[in-house]
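Here is the structure we will look at.
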2 protein chains.
Amino acid sequence: MMNKIIENQLIDELTEQFQRSPMQMNKLHGSDAELIQLSGDPNMRLAITTDSIIEEIAVGLYDDPYLVGWMAVMANMSDLAAVGARPIGILLSEVLPHNYPTASLQRLQQGIQDACVKCATFVLGGDTAMSDRLMLTGTAVGITDSERILSRSGCKPGDAVYVSGPVGRGNAFALSMLAANFSPDLRYGSGVLRYQPIARLSAGQSLPGIASACTDTSDGVLSSLDQLMRLNNVGFEFDENWEYAVDSESGKLAALHGISAWLLLAGQHGEFELLFTVPADHEDDLWEAASKGGWTPLLLGRAIKKPEISLPMCGGRVSIDTALIRNLTYHAGSDIQQYVRELLALDREFRKGEVQYVSQ
Amino acid sequence: MMNKIIENQLIDELTEQFQRSPMQMNKLHGSDAELIQLSGDPNMRLAITTDSIIEEIAVGLYDDPYLVGWMAVMANMSDLAAVGARPIGILLSEVLPHNYPTASLQRLQQGIQDACVKCATFVLGGDTAMSDRLMLTGTAVGITDSERILSRSGCKPGDAVYVSGPVGRGNAFALSMLAANFSPDLRYGSGVLRYQPIARLSAGQSLPGIASACTDTSDGVLSSLDQLMRLNNVGFEFDENWEYAVDSESGKLAALHGISAWLLLAGQHGEFELLFTVPADHEDDLWEAASKGGWTPLLLGRAIKKPEISLPMCGGRVSIDTALIRNLTYHAGSDIQQYVRELLALDREFRKGEVQYVSQ
């Protein structure tokens, strides 16, 4: 039995007494955005999703208002991308600190506007309140009219696992932002990595009918794979050469700090690429669609029958307890230094071969 | 020239650099919910709105998690009602305090669920984060397919001004919650008034084509009228007997505390009725629709040419500076006691005839 995910349990508890809409086509946890049947055309579905930028600000990861604004848009657009939707726009609830400096407010709004332009979408409306600290909540809405639904469900053993672009930058950025806190444990080097992810909307729009399952890597690659594993009751086996899919600057930063590349997949600050599975008989379609769209899918590995996530390491293979990794954020609470220390300890134990984390 | 509204100015500043969607049918400030043209049927419009419950919690007005959950749904449904939309559902972003008691969480979720059942709608999805204090942001989505759009714009001099039900309970509730803070100034009497507004969805759905303008009284009646005044460049004249539209329990509570009934319209905690204007040649349609829907419109007065809000008082008539009243929340900041003291001072000056607030 797989260990439980505290976040999923919390969502289950929160929604326990809620009734589900008969118009809703996805199950709980079943897709990155909610999919709602509209009357009329049976293939016309509303895609809608909400995501807040709160904890990233609280733990000091996003200290630039421009990035906060950018991410409030992009995190939501990325959820639309993962269901293959075309965005209609976004609503923003902005909680501003009392006496927020005008220059900060302008940067915040500029980040929002630039992200909207990048996604060819619009701020439709919003709400503003004052409080102690900055918090942004976005709700993005879009349309999907493909014959086949793109969701987190549908993956089968044997399907190939791809990402829409290099991964690891979310966690490498977090490392570069927080590294100063960890010296002398971490040898802080080359300044802060640039982090400004772009939602993979056009890649996502090409995937319905090709990918068997899709999600974004908003919480990092291993969390995304863990979620797909639970929903589809399959496992995932990384290829021997999976590290070619790691963003090169991020890989260099990790090496500089002496930490393993797999930790760039394990941390829960993602890069907002799409992670998707493709049955063998759709691989040609994938490469054709990607070539037409000007992007390159990167192969990570394969879906397997046994529900475990298996990674080549130190010449062997380890089965990673992704539940333990996902639940670390809850165990460490809002103490991000503690969180990073626990991740690093995991890696050390791994490499010494002292502990082999296996899913039970 | 009318004095400026600080809230409107802030919204103007925040959105200054944003581009507007060519699919968006309402202007900024122009309607309670955003109206988005969907492709296909030209009358098929998405209505979408977001509203947060933050300040009501921070100032101690909502101390029951059930009410917080209820209002996170109802405040948003009320915005859908004001554009005549049928709800599809709501997304909720819940920011929970660390170590929030299970019993409180259950009451919060029960309030959400009960409000959804009351509106025959559904929680479609959401997001959860942890922080110092409880905050809820809802985003409601609905559909409107009437030939005529219902918005805040379209009212003309001569139109009758109605509310969909008794008003004043929002502020009477606030008074009853906060009165203990003001004794001995206020003679605190009969406990806390029950407050659990219900979004006027079916009333709203009957108004497109009948009402020339519509908004909800989420910020109190005078703020809503002030907003309609600015958008339509008309004023409003209350009838001599407008007080029959005040909720009776609320009127009694105000009398008990020795404060004027008009303050129940002036405070910015509303009752979520619809406030709408009706041209003379549509009044029959209104009464027919209301009778069919089982509700009774209450006449407040008429729209007039001069952009002022005129209220009968002490045998005469005063022109109320609603800009000053709306801006009080900003001047007082989050100090609600200061806010109430300033409102009460206004009333005292009014009744002494020492100050005649006129819009310039």
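Chain lettering (A, B, ...) mirrors the order of the structure tokens, residue numbering begins at 1 for each chain separately, and ligand numbering begins at 1 in order of display.
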*Neighbour list for B:Leu343 as a PyMOL selection string, cut-off 9 Å, only C-alpha atoms, skip fewer than 4 positions in-chain*: chain B and resi 263+266-267+325+328+338-339+347-348
*If we count only C-alpha atoms, which residues of chain B reach to within 6 Å of chain A? Please list them as a PyMOL selection string.*
chain B and resi 18+21+50-51+113+122+126-127
Picked from stretch 258-307 of chain A by DSSP as strand (DSSP E), as a PDB file with N, CA, C and O atoms, in the first residue's frame:
```
ATOM      1  N   LEU A 274       5.116  20.700 -18.637  1.00  0.00           N
ATOM      2  CA  LEU A 274       4.113  19.643 -18.632  1.00  0.00           C
ATOM      3  C   LEU A 274       4.812  18.301 -18.515  1.00  0.00           C
ATOM      4  O   LEU A 274       5.869  18.090 -19.109  1.00  0.00           O
ATOM      5  N   LEU A 275       4.238  17.417 -17.718  1.00  0.00           N
ATOM      6  CA  LEU A 275       4.710  16.048 -17.570  1.00  0.00           C
ATOM      7  C   LEU A 275       3.589  15.165 -18.092  1.00  0.00           C
ATOM      8  O   LEU A 275       2.458  15.260 -17.601  1.00  0.00           O
ATOM      9  N   PHE A 276       3.876  14.363 -19.105  1.00  0.00           N
ATOM     10  CA  PHE A 276       2.779  13.616 -19.731  1.00  0.00           C
ATOM     11  C   PHE A 276       3.235  12.245 -20.212  1.00  0.00           C
ATOM     12  O   PHE A 276       4.429  12.000 -20.396  1.00  0.00           O
ATOM     13  N   THR A 277       2.278  11.369 -20.384  1.00  0.00           N
ATOM     14  CA  THR A 277       2.564   9.998 -20.800  1.00  0.00           C
ATOM     15  C   THR A 277       1.966   9.771 -22.187  1.00  0.00           C
ATOM     16  O   THR A 277       0.912  10.322 -22.519  1.00  0.00           O
ATOM     17  N   VAL A 278       2.676   8.960 -22.982  1.00  0.00           N
ATOM     18  CA  VAL A 278       2.261   8.747 -24.370  1.00  0.00           C
ATOM     19  C   VAL A 278       2.318   7.249 -24.703  1.00  0.00           C
ATOM     20  O   VAL A 278       3.382   6.630 -24.556  1.00  0.00           O
ATOM     21  N   LEU A 298      11.093  15.818 -23.949  1.00  0.00           N
ATOM     22  CA  LEU A 298      12.264  15.145 -23.377  1.00  0.00           C
ATOM     23  C   LEU A 298      11.783  13.893 -22.652  1.00  0.00           C
ATOM     24  O   LEU A 298      10.942  13.972 -21.748  1.00  0.00           O
ATOM     25  N   LEU A 299      12.321  12.756 -23.052  1.00  0.00           N
ATOM     26  CA  LEU A 299      11.899  11.479 -22.485  1.00  0.00           C
ATOM     27  C   LEU A 299      12.537  11.273 -21.111  1.00  0.00           C
ATOM     28  O   LEU A 299      13.757  11.385 -20.958  1.00  0.00           O
ATOM     29  N   LEU A 300      11.707  10.967 -20.100  1.00  0.00           N
ATOM     30  CA  LEU A 300      12.236  10.679 -18.761  1.00  0.00           C
ATOM     31  C   LEU A 300      12.331   9.185 -18.506  1.00  0.00           C
ATOM     32  O   LEU A 300      13.238   8.714 -17.818  1.00  0.00           O
ATOM     33  N   GLY A 301      11.356   8.425 -19.011  1.00  0.00           N
ATOM     34  CA  GLY A 301      11.328   6.990 -18.741  1.00  0.00           C
ATOM     35  C   GLY A 301      10.024   6.369 -19.201  1.00  0.00           C
ATOM     36  O   GLY A 301       9.425   6.844 -20.172  1.00  0.00           O
ATOM     37  N   ARG A 302       9.580   5.339 -18.463  1.00  0.00           N
ATOM     38  CA  ARG A 302       8.386   4.579 -18.859  1.00  0.00           C
ATOM     39  C   ARG A 302       7.488   4.341 -17.658  1.00  0.00           C
ATOM     40  O   ARG A 302       7.979   4.227 -16.532  1.00  0.00           O
ATOM     41  N   ALA A 303       6.191   4.205 -17.930  1.00  0.00           N
ATOM     42  CA  ALA A 303       5.261   3.736 -16.897  1.00  0.00           C
ATOM     43  C   ALA A 303       5.425   2.221 -16.770  1.00  0.00           C
ATOM     44  O   ALA A 303       5.616   1.521 -17.767  1.00  0.00           O
ATOM     45  N   ILE A 304       5.402   1.736 -15.525  1.00  0.00           N
ATOM     46  CA  ILE A 304       5.546   0.296 -15.264  1.00  0.00           C
ATOM     47  C   ILE A 304       4.370  -0.175 -14.406  1.00  0.00           C
ATOM     48  O   ILE A 304       3.620   0.639 -13.858  1.00  0.00           O
TER      49      ILE A 304
END
```
*Between atom CA of B:Asp32 and atom CA of B:Glu147 - distance in Å to one decimal*: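 Atom-to-atom, atom CA of B:Glu147 to atom CA of B:Asp32, that is 18.1 Å.
The gap separating atom CA of B:Ala115 from atom CA of B:Gln196 is 9.4 Å, in Å to one decimal.
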